[in-house]
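Comments concern the structure below.
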Amino acid sequence: MIGLALNDIFKIGIGPSSSHTMGPMHAAHHFIGSLSPELLTKPLAVEVTLHGSLAATGDGHGTPGAITAGLAGFHYETVTLSDIHAMWQSATTLGQLSLESGAQLRFNPEQHLYRDTVPLSNHPNGMTFSASLEGNVVAETRYFSVGGGMVEDQHGHTLATSAMQTRGGPFPYASMNELVDWCTRENLSIAQVQAANEHLSLQLEHDAMSATLWSVMSDCIDRGLAAQGELPGGLHVKRRAGALWNRLLNNSQGDKAPANAAQRAMVYAMAVNEENAAGGRLVTAPTNGAAGIVPAVLKAHLDEHQLNEAGVNRHVSVFLRTATAIGGLFKMNASISGAEVGCQGEVGAAASMAAAGLTAALGGNPRQIENAAEIAVEHCLGLTCDPIGGLVQVPCIERNGMGAVKAIAASDLALAGDGQFMISLDQVIETVRETGRDMDSRYKETARGGLAIHGLKIPVTAVEC
Ligand code: SF4
């Protein structure tokens, strides 16, 4: 194995759900793209079946609209809410979608989108797309939304999310141990191994993709700090990040970096997750529900250093590429889906990624980076997924704040150590997988146990992380 690419882990998209909004849109977009140009000149009729969790919970979280926009050729990276509304309007009133190529698809989500709540064996979030010509099926493909907006086909292959692929990279690894071995043998950092596997320059200050991701992350934090009011969904949860930020500013001496890094990171993380709950634009890190931790810890780190533009670019690249390597190990060897392993695979993985990224940006060696990553996730083991009302608000928003604080503490501990430690990151990731397998399904995105049953007495709709 060769690890995952930067924008397999970090994808620009929209809230509130990476598995229920972004993944289905990506699958629909891929299905249409897989049809031959000749077929698309014909009057094709499309039908879609949602299986398992997507059938049971997708309606409340925009899955039908996301699939409609995806079939019309929109992608989560650039789609807007008004695009989704316009496509929905067209499909439900005219019964068809017009593609950019001029092709017309017969598809009305109110008639041609079916729900089968029995999950397929591969994964709880399944979808089947079919295209017919004069009543005969001419193409049929099954997809699975496996977390973080990532989609696999029926053969278990992950759909490409970018032109930058890691296939054929020079330093294949399937574990942290193998990754650190490459670093030692080639005298490279983890971020450089990651860049080399994506066929990129090792001069990380020229990393355009990391700079783009950071710009979207940073904008999301700023919007979250500026916004006020109540989040949608019926829980009447008030946004708090802006008020918390003003409290830090009021207690400061006019510093650029008021309070300490952990306090700032906690507020930044909550700002991102409030934006996610409101359907705003953000970067999965590695999922929407856990999207606050990595940008929060990165911003808190940048606040404290007087860096020029090249320095900011280098720190951002080192941070995000190191975090990508760690996130890829979670994806390959456990899961980043709350439906599979609970929140330990989302907030736990994000805290681990952020701890590793921060340690790398602060100059830690590969073993110290591994130590930081394993400390952060070790203390998230067994973390269940049980949000109230099925909305990614309570406890998710605060949980991201806590995850950011944990990541900073883990990095501190690792940098104070000598790179010797008892439990390896590979062992902790294996424990995430085994603990997730043993975890009762009530605690894995079903909203049937834990905090979810002690919340306000509103109807449970869905979990949408
Ligand atoms: S509790 Fe569940 S929905 Fe909330 S952040 Fe964790 S995995 Fe996502």
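Simple scheme: letters A, B, ... for chains in structure tokens order, numbers from 1 for residues in each chain, numbers from 1 for ligands in the order shown.
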- Task: May I ask you to write as a PyMOL selection string all residues lying at most 8 Å from ligand 1, with only C-alpha atoms and all ligand atoms counted?
- Result: chain A and resi 287-290+337-339+342-347+383-387+390-397+399-400+444-445+463-465
Restricting it to N, CA and C atoms, dump the selection as a compact mmCIF listing (two decimals), in the first residue's frame.
```txt
# COMPACT_ATOMS: atom_id res chain seq x y z
N THR A 287 -13.31 13.90 8.62
CA THR A 287 -14.75 13.89 8.29
C THR A 287 -15.31 15.29 8.56
N ASN A 288 -16.56 15.49 8.22
CA ASN A 288 -17.21 16.76 8.56
C ASN A 288 -17.39 16.89 10.08
N GLY A 289 -17.85 15.80 10.71
CA GLY A 289 -18.14 15.86 12.13
C GLY A 289 -16.92 16.16 12.97
N ALA A 290 -15.74 15.78 12.49
CA ALA A 290 -14.49 16.01 13.23
C ALA A 290 -13.63 17.06 12.53
N SER A 337 -15.00 6.06 9.95
CA SER A 337 -16.46 6.16 9.89
C SER A 337 -17.05 5.85 11.26
N GLY A 338 -17.82 6.81 11.81
CA GLY A 338 -18.49 6.60 13.09
C GLY A 338 -19.44 5.41 13.03
N ALA A 339 -19.99 5.10 11.84
CA ALA A 339 -20.90 3.97 11.70
C ALA A 339 -20.17 2.65 11.87
N GLY A 342 -17.41 4.05 15.75
CA GLY A 342 -17.75 5.09 16.72
C GLY A 342 -16.86 6.32 16.56
N CYS A 343 -16.98 7.25 17.50
CA CYS A 343 -16.30 8.54 17.38
C CYS A 343 -14.79 8.42 17.54
N GLN A 344 -14.29 7.31 18.10
CA GLN A 344 -12.83 7.13 18.18
C GLN A 344 -12.21 7.17 16.78
N GLY A 345 -12.97 6.80 15.74
CA GLY A 345 -12.45 6.85 14.37
C GLY A 345 -12.63 8.20 13.72
N GLU A 346 -13.35 9.11 14.37
CA GLU A 346 -13.54 10.45 13.78
C GLU A 346 -12.79 11.49 14.63
N VAL A 347 -13.33 11.82 15.80
CA VAL A 347 -12.61 12.78 16.66
C VAL A 347 -11.28 12.18 17.12
N LEU A 383 -14.47 5.81 22.40
CA LEU A 383 -15.37 6.97 22.28
C LEU A 383 -16.53 6.62 21.35
N THR A 384 -17.74 6.74 21.87
CA THR A 384 -18.92 6.33 21.11
C THR A 384 -19.46 7.48 20.26
N CYS A 385 -20.32 7.12 19.33
CA CYS A 385 -20.99 8.12 18.48
C CYS A 385 -22.46 8.13 18.87
N ASP A 386 -22.90 9.16 19.58
CA ASP A 386 -24.26 9.16 20.13
C ASP A 386 -24.84 10.58 20.20
N PRO A 387 -24.80 11.31 19.09
CA PRO A 387 -25.24 12.70 19.14
C PRO A 387 -26.75 12.85 19.33
N GLY A 390 -29.55 13.04 16.58
CA GLY A 390 -28.90 12.63 15.35
C GLY A 390 -28.22 13.77 14.62
N LEU A 391 -28.21 14.95 15.22
CA LEU A 391 -27.57 16.10 14.57
C LEU A 391 -26.13 16.22 15.06
N VAL A 392 -25.24 16.68 14.20
CA VAL A 392 -23.82 16.77 14.59
C VAL A 392 -23.59 18.08 15.34
N GLN A 393 -24.21 18.16 16.51
CA GLN A 393 -24.15 19.39 17.30
C GLN A 393 -23.76 19.09 18.74
N VAL A 394 -24.56 18.29 19.43
CA VAL A 394 -24.29 17.94 20.83
C VAL A 394 -24.08 16.43 20.90
N PRO A 395 -22.92 15.94 21.28
CA PRO A 395 -21.77 16.62 21.87
C PRO A 395 -20.70 17.02 20.87
N CYS A 396 -20.97 16.89 19.57
CA CYS A 396 -19.91 16.94 18.56
C CYS A 396 -19.13 18.26 18.55
N ILE A 397 -19.84 19.40 18.70
CA ILE A 397 -19.14 20.68 18.60
C ILE A 397 -18.13 20.82 19.73
N ARG A 399 -16.98 18.41 21.47
CA ARG A 399 -16.03 17.29 21.38
C ARG A 399 -14.86 17.65 20.48
N ASN A 400 -15.11 18.45 19.44
CA ASN A 400 -14.02 18.93 18.60
C ASN A 400 -13.11 19.87 19.39
N LYS A 444 -22.96 3.40 17.49
CA LYS A 444 -22.28 3.66 16.22
C LYS A 444 -23.24 4.29 15.22
N GLU A 445 -23.48 5.58 15.37
CA GLU A 445 -24.29 6.35 14.42
C GLU A 445 -25.71 5.85 14.26
N VAL A 463 -28.01 10.42 12.11
CA VAL A 463 -26.65 10.85 12.39
C VAL A 463 -26.00 11.15 11.06
N GLU A 464 -25.30 12.23 11.00
CA GLU A 464 -24.90 12.71 9.67
C GLU A 464 -23.44 13.09 9.59
N CYS A 465 -22.62 12.46 10.40
CA CYS A 465 -21.24 12.91 10.53
C CYS A 465 -20.49 12.81 9.21
```
- Query: Within 12 Å of Met127 in chain A, counting only C-alpha atoms, which residues qualify if same-chain residues fewer than 5 places away don't, as a ChimeraX atom specification?
  - Reply: /A:19-20,23-28,31,47-55,58,63-64,67,113-120,122,140-146,151-154
- range 100-102 of chain A: which residues within 10 Å, counting only C-alpha atoms, same-chain residues fewer than 2 positions away excluded, as a ChimeraX atom specification? /A:37,40-41,72-74,97-98,104-105
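If you measure from each of A:Thr446, A:Thr435, A:Ser210, A:Ser90 to Ile9 in chain A using only C-alpha atoms, the closest one turns out to be A:Ser210.
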- Message: DSSP on the backbone, alpha helix (DSSP H) only: what residues of range 174-218 of chain A does that give? Format it as JSON, numbers by chain.
- Response: {"A": [176, 177, 178, 179, 180, 181, 182, 183, 184, 185, 186, 190, 191, 192, 193, 194, 195, 196, 197, 208, 209, 210, 211, 212, 213, 214, 215, 216, 217, 218]}
- Query: Quick one: residues within 7 Å of Ala376 in chain A, only C-alpha atoms counted, chain neighbours fewer than 2 positions away excluded, as a PyMOL selection string?
  - Reply: chain A and resi 351-352+355+372-374+378-379+406-407+410
- Query: Between A:Asn276, A:Tyr268, A:His236, A:Asn246, which is the closest to Asp222 in chain A once you count only C-alpha atoms?
  - Reply: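 Ranked by minimum distance to Asp222 in chain A, first place goes to A:Tyr268.
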- Of the listed residues A:Ser132, A:Thr93, A:Ser335, A:Ser411, that which approaches Leu358 in chain A most closely, counting only C-alpha atoms: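 Looking only at the distances to Leu358 in chain A, the closest residue turns out to be A:Ser411.
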Quick one: residues within 12 Å of Asp83 in chain A, only C-alpha atoms counted, chain neighbours fewer than 5 positions away excluded, as a PDB file with N, CA and C atoms, in the first residue's frame?
```pdb
ATOM      1  N   GLY A  65     -31.184  15.506  -2.376  1.00  0.00           N
ATOM      2  CA  GLY A  65     -30.739  16.705  -3.092  1.00  0.00           C
ATOM      3  C   GLY A  65     -29.297  16.560  -3.556  1.00  0.00           C
ATOM      4  N   ALA A  66     -28.462  15.958  -2.713  1.00  0.00           N
ATOM      5  CA  ALA A  66     -27.046  15.778  -3.072  1.00  0.00           C
ATOM      6  C   ALA A  66     -26.935  14.845  -4.273  1.00  0.00           C
ATOM      7  N   THR A  68     -29.246  14.283  -6.573  1.00  0.00           N
ATOM      8  CA  THR A  68     -29.790  14.982  -7.750  1.00  0.00           C
ATOM      9  C   THR A  68     -28.744  15.927  -8.341  1.00  0.00           C
ATOM     10  N   ALA A  69     -28.089  16.705  -7.483  1.00  0.00           N
ATOM     11  CA  ALA A  69     -27.064  17.635  -7.977  1.00  0.00           C
ATOM     12  C   ALA A  69     -25.877  16.871  -8.550  1.00  0.00           C
ATOM     13  N   GLY A  70     -25.511  15.747  -7.923  1.00  0.00           N
ATOM     14  CA  GLY A  70     -24.397  14.944  -8.431  1.00  0.00           C
ATOM     15  C   GLY A  70     -24.705  14.376  -9.808  1.00  0.00           C
ATOM     16  N   ALA A  72     -26.573  15.707 -11.954  1.00  0.00           N
ATOM     17  CA  ALA A  72     -26.563  16.840 -12.900  1.00  0.00           C
ATOM     18  C   ALA A  72     -25.142  17.331 -13.180  1.00  0.00           C
ATOM     19  N   GLY A  73     -24.155  16.716 -12.526  1.00  0.00           N
ATOM     20  CA  GLY A  73     -22.759  17.057 -12.830  1.00  0.00           C
ATOM     21  C   GLY A  73     -22.089  17.940 -11.801  1.00  0.00           C
ATOM     22  N   PHE A  74     -22.778  18.245 -10.709  1.00  0.00           N
ATOM     23  CA  PHE A  74     -22.144  19.084  -9.682  1.00  0.00           C
ATOM     24  C   PHE A  74     -21.275  18.225  -8.758  1.00  0.00           C
ATOM     25  N   HIS A  75     -20.247  18.858  -8.218  1.00  0.00           N
ATOM     26  CA  HIS A  75     -19.346  18.173  -7.296  1.00  0.00           C
ATOM     27  C   HIS A  75     -19.327  18.925  -5.972  1.00  0.00           C
ATOM     28  N   TYR A  76     -19.127  18.174  -4.881  1.00  0.00           N
ATOM     29  CA  TYR A  76     -19.207  18.823  -3.571  1.00  0.00           C
ATOM     30  C   TYR A  76     -18.182  19.919  -3.372  1.00  0.00           C
ATOM     31  N   THR A  78     -17.387  22.343  -5.311  1.00  0.00           N
ATOM     32  CA  THR A  78     -17.772  23.663  -5.825  1.00  0.00           C
ATOM     33  C   THR A  78     -19.273  23.939  -5.735  1.00  0.00           C
ATOM     34  N   TRP A  88     -32.913  20.441  -7.781  1.00  0.00           N
ATOM     35  CA  TRP A  88     -34.066  19.766  -7.175  1.00  0.00           C
ATOM     36  C   TRP A  88     -35.358  20.246  -7.832  1.00  0.00           C
ATOM     37  N   GLN A  89     -35.437  21.565  -7.991  1.00  0.00           N
ATOM     38  CA  GLN A  89     -36.624  22.172  -8.597  1.00  0.00           C
ATOM     39  C   GLN A  89     -36.828  21.639 -10.011  1.00  0.00           C
ATOM     40  N   SER A  90     -35.745  21.605 -10.781  1.00  0.00           N
ATOM     41  CA  SER A  90     -35.837  21.155 -12.171  1.00  0.00           C
ATOM     42  C   SER A  90     -36.261  19.685 -12.232  1.00  0.00           C
TER      43      SER A  90
END
```
